[in-house]
Amino acid sequence: MVGIGLVAGSFVRGGRGLIGLAVPLAIVGMALTTVPFENFSVKGGVGDLTATPSQVSEVLPEYHRSAGNIDVDLTKLPAGASVTTKVTNGAGNSTVLVPTGAEVKVSCETGAGEVDCLGQSRSGVGEDTIDFTSPGGNGQKITLQVKNGVGNVEVRRG
């Protein structure tokens, strides 16, 4: 409706007052179309989530929050252990700490924010994805996927 008013106003030399309304609406519209909302769900809950598993059996298949920070520390796992897990966050920061000598196959993604995945960085709005395998020497293998809707993603060695 604002657009129609602006076009009609241009023919009758009016409608300039609608510009102040059109600009904020355009910004909100752009933000709503670029942020992926599939990570926002009721099942994930709201609030911070911290996990430090010390056994392979304690590693969850997925750590999920709709809003809040997620911190997962995998450095306490036994040497030689192999695990696969996923971290999904709608809005908030996600940080995963992996063992120093582990081989890590990682995929990091955020819709809006910064990604720092084992030293490789990206930032901005849109699909910022980093996907690679980092070699290790202690026989430990970790397959990790970290995906945020809005917020920072960080995977680092500990």
# chains A, B, ... in the order shown; residues from 1 in each chain; ligands from 1
>>> closest_atom_pairs(of="range 125-146 of chain A", to="range 56-77 of chain A", cutoff="10 Å", atoms="only C-alpha atoms", output="Markdown table")
| residue | atom | partner | partner_atom | distance |
| --- | --- | --- | --- | --- |
| A:Gln140 | CA | A:Leu77 | CA | 9.1 |
| A:Ile142 | CA | A:Leu74 | CA | 9.1 |
| A:Leu144 | CA | A:Glu62 | CA | 9.9 |
| A:Gln145 | CA | A:Glu62 | CA | 9.3 |
| A:Val146 | CA | A:Tyr63 | CA | 9.4 |
>>> residues_around(residues="Gly151 in chain A", least_positions_apart="3", cutoff="6 Å", atoms="only C-alpha atoms", output="list in words")
Ala91, Gly92, Asn93 and Gly113 of chain A
>>> write_last_selection(atoms="C-alpha atoms", output="compact mmCIF listing (two decimals), in the first residue's frame")
# COMPACT_ATOMS: atom_id res chain seq x y z
CA ALA A 91 19.20 -17.06 17.66
CA GLY A 92 22.31 -16.89 19.79
CA ASN A 93 25.96 -17.86 19.71
CA GLY A 113 26.63 -13.22 12.02
>>> atom_distance(atom1="CA of Ala102 in chain A", atom2="CA of Ile130 in chain A")
18.2 Å
>>> atom_distance(atom1="CA of Gly136 in chain A", atom2="CA of Gly101 in chain A")
4.8 Å
>>> closest_residue(among="A:Asp48, A:Asn89, A:Val155, A:Ser54", to="Cys108 in chain A", atoms="only C-alpha atoms")
A:Val155
>>> closest_residue(among="A:Gly119, A:Gly124, A:Pro53, A:Gly111", to="Val150 in chain A", atoms="only C-alpha atoms")
A:Gly111
>>> atom_distance(atom1="CA of Gly90 in chain A", atom2="CA of Gln120 in chain A")
22.0 Å
